[in-house]
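First up is the structure itself, then whatever we jot down about it.
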Amino acid sequence: MFMFIIFHDMELRQLRSLVTLIDTGFSVSQAADRLHLVQPAVSQHLKQLEEELGVRLLRRHGKRLVGLTAAGEQVFRHAREALTATGSILAVGKDHKEERHGVLRIAATHTQARYVLPPVIRRFVQEYPEVALEIHQGTPGRLIELLQRDAVDLAVCTEGLGQQQDLTSLPCYRWNRCLIAPAGHAILAQRPLTLERLCEHPIVTYVFGFTGRGNLSGTFARHGLEPRVVLSAADTDVIKVYVREGLGIGIIADMAYQPDADADLERRDLSHLFPWEITRIAHLKDRYLRVFQRRFIAVFQEETALMQRGSGPIARKENAPSVVP
């Protein structure tokens with residue numbers, strides 16, 4: 001009702017079609033699929049919106065939609081804000097009607113989903129057994145995109161979240177890297193480990209954009225060194241497989257080394273060589289968070305603080321510096 005008062009004859013479904021069209025790269029067919037509509041319905045919504053406003057919003061090349069006009073850019077920004085506000089209004093109602101029910105959509109990189117989230121989710125599910133969970137994995141860039149178009153509620157990763165003006169991101173814990181190699185590998189006997197000594201061996205590590213790879217490569221470059229990276233992967237488990245195959249030594253996030261499961265691999269701390277990374281949890285700014293969503297953030301912060309201080313996957317015998325919000 002509130003939105004209809006503001007927009008008169010304009011309907012939220014018209015705004016939703018516009019925003020979804022842009023999110024899908026101006027593909028009417030993809031927008032229709034995402035909205036569970038037929039293509040003519042999406043086209044009709046766009047036509048009605050332009051007629052209601054009396055201005056062209058979309059640039060066309062023949063029959064193809066190729067971009068937004070100057071007016072379209074402005075309308076798009078306000079349309080997304082309107083849809084976010086509408087979602088917040090509905091969420092307030094749900095909190096009062098069914099506080100302990102709902103769906104929590106979490107986006108995370110593989111490392112976070114595999115090695116950090118399990119104890120957080122275990123505890124959350126005990127508190128909110130009737131909240132369904134969805135975990136969406138992807139690159140940090142993909143996680144930011146999902147948050148910005150309100151396709152997920154929360155995102156957890158290291159890269160990118162702190163630089164987005166439309167997101168609220170909270171620093172949660174710091175981590176660094178470790179070396180892994182099969183027992184008996186020559187590098188395990190070398191003391192101290194240096195960047196130069198790492199460069200003497202083929203390396204298996206993360207692809208760019210994942211799990212601190214940018215800072216890792218930047219550290220070598222600042223020292224005038226060029227490591228021989230023979231394989232890059234987004235998935236820590238894949239890195240471990242190829243280290244076991246003898247392809248090279250592995251450089252991974254320290255929290256991803258599991259003493260029991262990885263007993264055939266030996267670990268060496270590398271925090272004296274590389275900068276510390278900060279993992280954050282983020283949500284869309286100005287979006288109302290339901291009670292259970294706020295509780296998940298609190299549990300995540302509490303559990304990662306415990307893991308960093310205690311014996312969990314983030315903590316090691318080396319002391320990590322505390323996170324300063």
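Lettering and numbering for the structure tokens are positional, with chains as A, B, ... in the shown order, residues counted from 1 in each chain, and ligands counted from 1 in the shown order.
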
**Request:** Within region 79-136 of chain A, find each residue whose DSSP state, derived from the backbone, is strand (DSSP E or B), and express the selection as an MDAnalysis selection string.
**Result:** chainID A and resid 102:108 131:136

**Item:** Shell around region 282-294 of chain A at 8 Å using only C-alpha atoms, local window under 3 positions removed, as a PyMOL selection string
**Value:** chain A and resi 84-85+87-89+91-92+95+99-100+104+128+147-148+150+153-156+161+166-170+297-298

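Using only C-alpha atoms, the shortest contact distance between Arg16 (chain A) and any of A:His61, A:Val125, A:Arg149, A:His201 is found at A:Arg149.
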
**Asked** Using only C-alpha atoms, which residues sit within 8 Å of Gly67 (chain A) once same-chain residues fewer than 3 positions away are excluded, as an MDAnalysis selection string?
**Response** chainID A and resid 26 58:60

Go ahead and write the residues just picked, C-alpha atoms, as a PDB file, in the first residue's frame.
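See again.pdb below for the written result:
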```pdb
ATOM      1  CA  PHE A  26      19.601  -6.311 -20.465  1.00  0.00           C
ATOM      2  CA  LEU A  58      16.254   2.145 -22.088  1.00  0.00           C
ATOM      3  CA  ARG A  59      18.598   2.592 -25.028  1.00  0.00           C
ATOM      4  CA  ARG A  60      17.796   0.372 -27.972  1.00  0.00           C
TER       5      ARG A  60
END
```

**Asked** Pick from A:Ala181, A:Ala221, A:Ile22, A:Ile144: nearest to Thr109 (chain A), with only C-alpha atoms counted?
**Response** A:Ile144

**Request:** For Glu303 (chain A), work out the shell of residues within 10 Å, counting only C-alpha atoms and skipping chain neighbours fewer than 2 positions away, then give it as a PyMOL selection string.
**Result:** chain A and resi 116-117+119-121+123+172-173+297-301+305-309+312

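Using only C-alpha atoms, the shortest contact distance between Pro40 (chain A) and any of A:Val28, A:Ala113, A:Val238, A:Val75 is found at A:Val28.
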